[in-house]
$ cat work_20.tsv   # TSV, C-alpha atoms
chain	number	residue	atom	x	y	z
A	217	MET	CA	48.36	34.41	324.18
A	218	LYS	CA	52.13	34.71	324.78
A	219	CYS	CA	53.26	37.75	326.78
A	220	LYS	CA	55.17	40.31	324.68
A	221	TYR	CA	57.48	41.14	327.59
A	222	CYS	CA	58.38	37.91	329.41
A	223	HIS	CA	57.21	35.54	326.62
A	224	GLN	CA	55.37	33.30	329.09
A	225	ILE	CA	52.04	31.69	328.17
A	226	ASN	CA	50.21	32.72	331.31
A	227	THR	CA	47.95	35.56	330.21
A	228	ILE	CA	44.28	36.38	330.57
A	229	LYS	CA	41.96	38.82	328.82
A	230	LYS	CA	41.55	42.18	330.54
A	231	GLY	CA	39.00	44.34	328.82
A	232	LYS	CA	39.22	46.34	325.62
A	233	ARG	CA	40.61	49.72	324.61
A	234	ASN	CA	39.48	51.34	321.34
A	235	ASN	CA	37.81	48.02	320.50
A	236	LEU	CA	41.16	46.23	320.78
A	237	GLN	CA	41.53	43.32	323.20
A	238	ARG	CA	43.95	43.82	326.10
A	239	TYR	CA	45.73	41.07	328.01
A	240	TYR	CA	47.26	40.74	331.47
A	241	CYS	CA	50.33	38.58	332.20
A	242	LYS	CA	50.26	36.80	335.56
A	243	GLU	CA	54.04	36.29	335.45
A	244	CYS	CA	55.40	39.82	334.90
A	245	LYS	CA	52.18	41.63	336.00
A	246	ARG	CA	52.04	43.77	332.84
A	247	CYS	CA	49.22	44.59	330.44
A	248	PHE	CA	49.56	44.64	326.67
A	249	GLN	CA	47.69	44.49	323.38
A	250	ASN	CA	48.30	42.25	320.42
A	251	ASN	CA	48.27	45.29	318.10
A	252	TYR	CA	48.72	49.00	318.81
A	253	LEU	CA	47.39	51.93	316.84
A	254	TYR	CA	50.02	54.34	318.17
A	255	LYS	CA	53.39	53.47	316.63
A	256	ALA	CA	55.33	54.38	319.78
A	257	TYR	CA	54.13	51.14	321.37
A	258	GLN	CA	55.23	48.91	318.52
A	259	LEU	CA	58.13	46.60	319.36
A	260	ASN	CA	60.41	47.73	316.53
A	261	THR	CA	60.09	51.47	317.23
A	262	ASN	CA	63.31	51.78	319.25
A	263	ASP	CA	65.31	49.93	316.60
A	264	LEU	CA	63.86	52.21	313.93
A	265	ILE	CA	64.81	55.31	315.94
A	266	LYS	CA	68.38	54.01	316.31
A	267	SER	CA	68.67	53.35	312.58
A	268	LEU	CA	67.34	56.77	311.60
A	269	LEU	CA	69.62	58.54	314.09
A	270	LYS	CA	72.59	56.85	312.44
A	271	GLU	CA	71.50	57.78	308.93
A	272	GLY	CA	71.51	61.56	309.15
A	273	CYS	CA	67.89	62.16	310.17
A	274	GLY	CA	67.07	64.95	312.59
A	275	ILE	CA	64.59	64.62	315.44
A	276	ARG	CA	61.77	66.33	313.51
A	277	SER	CA	62.46	64.17	310.46
A	278	ILE	CA	62.24	61.00	312.57
A	279	SER	CA	59.01	62.30	314.11
A	280	ARG	CA	57.47	62.75	310.66
A	281	ILE	CA	58.67	59.36	309.39
A	282	ILE	CA	57.52	57.30	312.36
A	283	GLY	CA	54.49	59.39	313.27
A	284	ILE	CA	55.22	60.13	316.93
A	285	SER	CA	56.03	63.36	318.75
A	286	THR	CA	59.48	64.97	318.93
A	287	LYS	CA	59.39	64.94	322.73
A	288	LEU	CA	58.86	61.18	322.70
A	289	ILE	CA	61.70	60.74	320.20
A	290	LEU	CA	64.05	62.63	322.54
A	291	SER	CA	62.96	60.66	325.60
A	292	ARG	CA	63.35	57.37	323.72
A	293	MET	CA	66.80	58.45	322.56
A	294	LEU	CA	67.88	59.03	326.16
A	295	LYS	CA	66.33	55.73	327.24
A	296	ILE	CA	68.10	53.81	324.47
A	297	SER	CA	71.46	55.43	325.21
A	298	ARG	CA	71.26	54.45	328.91
A	299	THR	CA	71.13	50.78	327.90
A	300	ILE	CA	74.32	51.08	325.81
A	301	LYS	CA	77.67	50.51	327.46
A	302	SER	CA	81.06	51.49	326.08
A	303	PRO	CA	83.01	48.47	324.74
A	304	TYR	CA	85.25	46.57	327.11
A	305	PHE	CA	88.46	46.96	325.12
A	306	ILE	CA	91.26	44.83	326.60
A	307	LYS	CA	93.73	44.41	323.75
A	308	LEU	CA	97.16	45.73	324.76
A	309	GLY	CA	99.90	47.36	322.70
A	310	CYS	CA	97.63	49.00	320.14
A	311	LYS	CA	97.92	52.30	318.31
A	312	PHE	CA	95.36	55.01	319.03
A	313	GLU	CA	94.40	58.32	317.51
A	314	VAL	CA	92.84	61.15	319.53
A	315	ASP	CA	91.14	64.18	318.02
A	316	GLU	CA	88.58	66.92	318.72
A	317	MET	CA	85.71	68.26	316.65
A	318	TRP	CA	83.46	71.22	317.38
A	319	SER	CA	79.70	71.50	317.53
A	320	TYR	CA	77.03	73.77	319.01
A	321	LEU	CA	75.00	73.55	322.21
A	322	GLY	CA	71.85	75.59	322.65
A	323	SER	CA	72.80	78.27	320.11
A	324	LYS	CA	75.43	78.95	317.48
A	325	GLU	CA	77.16	81.33	319.87
A	326	ASN	CA	77.92	78.43	322.22
A	327	VAL	CA	80.61	76.20	320.69
A	328	THR	CA	81.48	72.92	322.39
A	329	TRP	CA	84.02	70.20	321.62
A	330	ILE	CA	83.79	66.44	321.21
A	331	THR	CA	87.05	64.66	322.02
A	332	TYR	CA	87.33	60.94	321.38
A	333	ALA	CA	89.87	58.14	320.95
A	334	LEU	CA	89.92	55.61	318.11
A	335	GLU	CA	91.89	52.35	317.85
A	336	ARG	CA	93.62	52.31	314.48
A	337	GLU	CA	93.25	48.68	313.42
A	338	THR	CA	89.62	47.95	314.37
A	339	LYS	CA	88.33	51.56	314.22
A	340	THR	CA	86.78	51.00	317.67
A	341	ILE	CA	85.83	54.14	319.59
A	342	ILE	CA	87.34	53.65	323.05
A	343	ASP	CA	85.66	56.59	324.77
A	344	PHE	CA	84.61	60.21	324.29
A	345	PHE	CA	83.53	63.29	326.19
A	346	VAL	CA	81.74	66.52	325.37
A	347	GLY	CA	83.14	69.73	326.83
A	348	ARG	CA	85.93	72.28	326.72
A	349	LYS	CA	89.43	71.36	325.61
A	350	THR	CA	91.16	71.47	329.00
A	351	THR	CA	93.71	69.26	330.72
A	352	GLU	CA	91.13	68.26	333.35
A	353	ASN	CA	88.69	67.09	330.67
A	354	ILE	CA	91.14	65.35	328.35
A	355	LYS	CA	93.31	63.63	330.96
A	356	PRO	CA	90.73	60.93	332.00
A	357	LEU	CA	90.42	59.89	328.34
A	358	ILE	CA	94.21	59.66	327.95
A	359	ASN	CA	94.54	57.77	331.24
A	360	LYS	CA	92.09	55.18	329.93
A	361	LEU	CA	94.33	54.68	326.89
A	362	LEU	CA	97.48	54.46	329.02
A	363	LEU	CA	95.95	51.56	330.97
A	364	LEU	CA	96.03	49.61	327.69
A	365	HIS	CA	99.83	50.07	327.39
A	366	PRO	CA	99.59	51.63	323.92
A	367	LYS	CA	102.38	51.33	321.41
A	368	ARG	CA	101.60	54.79	320.02
A	369	ILE	CA	99.13	57.61	320.65
A	370	TYR	CA	98.75	59.96	317.70
A	371	THR	CA	97.29	63.45	318.18
A	372	ASP	CA	97.19	66.84	316.54
A	373	ARG	CA	99.28	69.77	317.78
A	374	LEU	CA	97.04	70.78	320.67
A	375	ASN	CA	99.44	71.97	323.37
A	376	ILE	CA	97.72	69.95	326.13
A	377	TYR	CA	98.75	66.52	324.88
A	378	PRO	CA	102.56	66.66	325.54
A	379	SER	CA	101.94	67.23	329.25
A	380	ILE	CA	99.69	64.18	329.72
A	381	ILE	CA	101.06	61.64	327.22
A	382	PRO	CA	104.52	60.08	327.75
A	383	LYS	CA	106.98	61.39	325.18
A	384	GLU	CA	108.16	57.95	324.07
A	385	ILE	CA	104.71	56.91	322.80
A	386	HIS	CA	103.34	60.29	321.71
A	387	LYS	CA	103.48	61.14	318.01
A	388	ARG	CA	102.03	64.25	316.35
A	389	PHE	CA	103.59	64.69	312.94
A	390	GLN	CA	101.74	65.61	309.74
A	391	TYR	CA	99.08	63.13	308.52
A	392	CYS	CA	99.39	60.97	311.66
A	393	THR	CA	95.67	61.42	312.44
A	394	ASN	CA	94.33	60.73	308.95
A	395	ILE	CA	92.04	57.91	310.09
A	396	ILE	CA	90.28	59.83	312.84
A	397	GLU	CA	90.09	62.98	310.70
A	398	ARG	CA	88.27	60.94	308.05
A	399	TYR	CA	86.01	59.57	310.78
A	400	ASN	CA	85.17	63.16	311.72
A	401	LEU	CA	83.77	63.62	308.22
A	402	THR	CA	81.73	60.43	308.60
A	403	LEU	CA	80.28	61.73	311.86
A	404	ARG	CA	79.29	65.05	310.29
A	405	THR	CA	77.67	63.18	307.38
A	406	HIS	CA	75.75	60.63	309.46
A	407	ILE	CA	74.75	62.81	312.44
A	408	LYS	CA	72.69	65.81	311.36
A	409	ARG	CA	73.29	67.75	314.58
A	410	LEU	CA	77.04	67.77	313.78
A	411	SER	CA	76.74	69.26	310.29
A	412	ARG	CA	78.79	72.42	309.83
A	413	LYS	CA	76.09	74.58	308.21
A	414	THR	CA	72.77	73.61	309.74
A	415	ILE	CA	69.99	74.80	312.03
A	416	CYS	CA	69.87	71.29	313.52
A	417	PHE	CA	72.06	71.25	316.62
A	418	SER	CA	71.74	69.99	320.18
A	419	LYS	CA	69.79	72.07	322.65
A	420	ASN	CA	71.31	70.22	325.59
A	421	LYS	CA	74.52	68.32	326.26
A	422	ILE	CA	72.70	65.15	327.33
A	423	TYR	CA	71.09	64.76	323.90
A	424	LEU	CA	74.39	65.16	322.09
A	425	GLU	CA	76.04	62.58	324.36
A	426	ALA	CA	73.11	60.19	323.92
A	427	HIS	CA	73.23	60.50	320.12
A	428	LEU	CA	76.99	59.88	320.05
A	429	ARG	CA	76.67	56.85	322.35
A	430	ILE	CA	74.03	55.35	320.04
A	431	TYR	CA	76.13	56.03	316.95
A	432	PHE	CA	79.41	54.74	318.39
A	433	TRP	CA	78.18	51.64	320.21
A	434	GLY	CA	74.48	51.17	319.58
$ encode --input "work_20.tsv" --output "structure tokens"
Amino acid sequence: MKCKYCHQINTIKKGKRNNLQRYYCKECKRCFQNNYLYKAYQLNTNDLIKSLLKEGCGIRSISRIIGISTKLILSRMLKISRTIKSPYFIKLGCKFEVDEMWSYLGSKENVTWITYALERETKTIIDFFVGRKTTENIKPLINKLLLLHPKRIYTDRLNIYPSIIPKEIHKRFQYCTNIIERYNLTLRTHIKRLSRKTICFSKNKIYLEAHLRIYFWG
């Protein structure tokens, strides 16, 4: 029997559970079964969770579809997001668009903002953050763009941007953020917790950030 984790053929039988044979790998020191009754242990479960998160399914919907608990879905979502790194974007002289969109955290009385940067040609999301629209929060995102020596940075008319973006590359005329504004609509369509009129919203900031990381780069 080949190990499901390290793929080495150095396993032995190690008892049974629910009349299913278990195996022990001498290489990676882990136990496993050839088949699992509980779907959470199946190898394709994480990929299925990622796909459903990107297709507008809420946590309870995913729980019903896969057949595992909502708490496990949330913990898997966090685990998956920790393995995803933001792209190492090194192309210089590009044009970027920066925009903000609102959502809820905990309750509909608590509005938060998602600010992110998009490269115009490839539609790559460079980075994002979740929090208030303040100079302290937005400046690290802009500084990351400035390291790429951008040709242009397009924004809306938020009064913070002129103080942190050099005037010669900053543009904020009408329709200059059409691409990222259209991407906002895509996000609200594909991520249920971002829908405008919904009871499905994030209870905690870490889950919203994890979902966005999976959608952007997963």
$ closest_atom_pairs --input "work_20.tsv" --of "range 309-385 of chain A" --to "range 391-399 of chain A" --cutoff "8 Å" --atoms "all atoms listed in the file" --output "tab-separated table"
residue	atom	partner	partner_atom	distance
A:Glu313	CA	A:Thr393	CA	6.1
A:Val314	CA	A:Ile396	CA	7.3
A:Asp315	CA	A:Ile396	CA	6.8
A:Leu334	CA	A:Ile396	CA	6.8
A:Arg336	CA	A:Ile395	CA	7.3
A:Tyr370	CA	A:Cys392	CA	6.2
A:Thr371	CA	A:Thr393	CA	6.3
A:Asp372	CA	A:Thr393	CA	7.0
$ residues_around --input "work_20.tsv" --residues "Leu357 in chain A" --least-positions-apart "2" --cutoff "12 Å" --atoms "only C-alpha atoms" --output "PyMOL selection string"
chain A and resi 312-315+330-334+341-346+349-355+359-364+369+377+380-381
$ residues_around --input "work_20.tsv" --residues "Tyr240 in chain A" --least-positions-apart "5" --cutoff "12 Å" --atoms "all atoms listed in the file" --output "MDAnalysis selection string"
chainID A and resid 217:222 224:232 245:250
$ atom_distance --input "work_20.tsv" --atom1 "CA of His406 in chain A" --atom2 "CA of Asp263 in chain A"
16.6 Å
$ closest_residue --input "work_20.tsv" --among "A:Lys413, A:Lys270, A:Lys307, A:Lys255" --to "Ile284 in chain A" --atoms "only C-alpha atoms"
A:Lys255
$ closest_residue --input "work_20.tsv" --among "A:Thr338, A:Ser319, A:Gln258, A:Asn235" --to "Phe417 in chain A" --atoms "all atoms listed in the file"
A:Ser319
$ residues_around --input "work_20.tsv" --residues "Thr299 in chain A" --least-positions-apart "3" --cutoff "9 Å" --atoms "all atoms listed in the file" --output "list in words"
Lys295, Ile296 and Gly434 of chain A
$ write_last_selection --input "work_20.tsv" --atoms "C-alpha atoms" --output "PDB file, in the frame of the given file"
ATOM      1  CA  LYS A 295      66.330  55.730 327.240  1.00  0.00           C
ATOM      2  CA  ILE A 296      68.100  53.810 324.470  1.00  0.00           C
ATOM      3  CA  GLY A 434      74.480  51.170 319.580  1.00  0.00           C
TER       4      GLY A 434
END
$ residues_around --input "work_20.tsv" --residues "Tyr320 in chain A" --least-positions-apart "3" --cutoff "12 Å" --atoms "only C-alpha atoms" --output "list in words"
Met317, Ser323, Lys324, Glu325, Asn326, Val327, Thr328, Trp329, Ile330, Val346, Gly347, Arg348, Lys408, Arg409, Leu410, Ser411, Arg412, Lys413, Thr414, Ile415, Cys416, Phe417, Ser418, Lys419, Asn420, Lys421, Tyr423 and Leu424 of chain A
$ closest_residue --input "work_20.tsv" --among "A:Leu264, A:Ile358, A:Ile300, A:Ala426" --to "Ile282 in chain A" --atoms "only C-alpha atoms"
A:Leu264
$ atom_distance --input "work_20.tsv" --atom1 "CA of Thr405 in chain A" --atom2 "CA of Glu335 in chain A"
20.7 Å
$ residues_around --input "work_20.tsv" --residues "Ser267 in chain A" --least-positions-apart "6" --cutoff "12 Å" --atoms "only C-alpha atoms" --output "list of chain:residue names"
A:Asn260, A:Thr261, A:Cys273, A:Gly274, A:Ile278, A:Ile282, A:Met293, A:Ile296, A:His406, A:Ile407, A:His427, A:Ile430, A:Tyr431, A:Gly434
$ atom_distance --input "work_20.tsv" --atom1 "CA of Gly283 in chain A" --atom2 "CA of His223 in chain A"
27.5 Å
$ closest_residue --input "work_20.tsv" --among "A:Lys266, A:Arg276, A:Arg292, A:His386" --to "Phe432 in chain A" --atoms "all atoms listed in the file"
A:Lys266
$ closest_residue --input "work_20.tsv" --among "A:Leu268, A:Glu384, A:Leu374, A:Leu259" --to "Arg280 in chain A" --atoms "only C-alpha atoms"
A:Leu268
$ closest_residue --input "work_20.tsv" --among "A:Arg388, A:His365, A:Lys287, A:Lys339" --to "Gly309 in chain A" --atoms "all atoms listed in the file"
A:His365
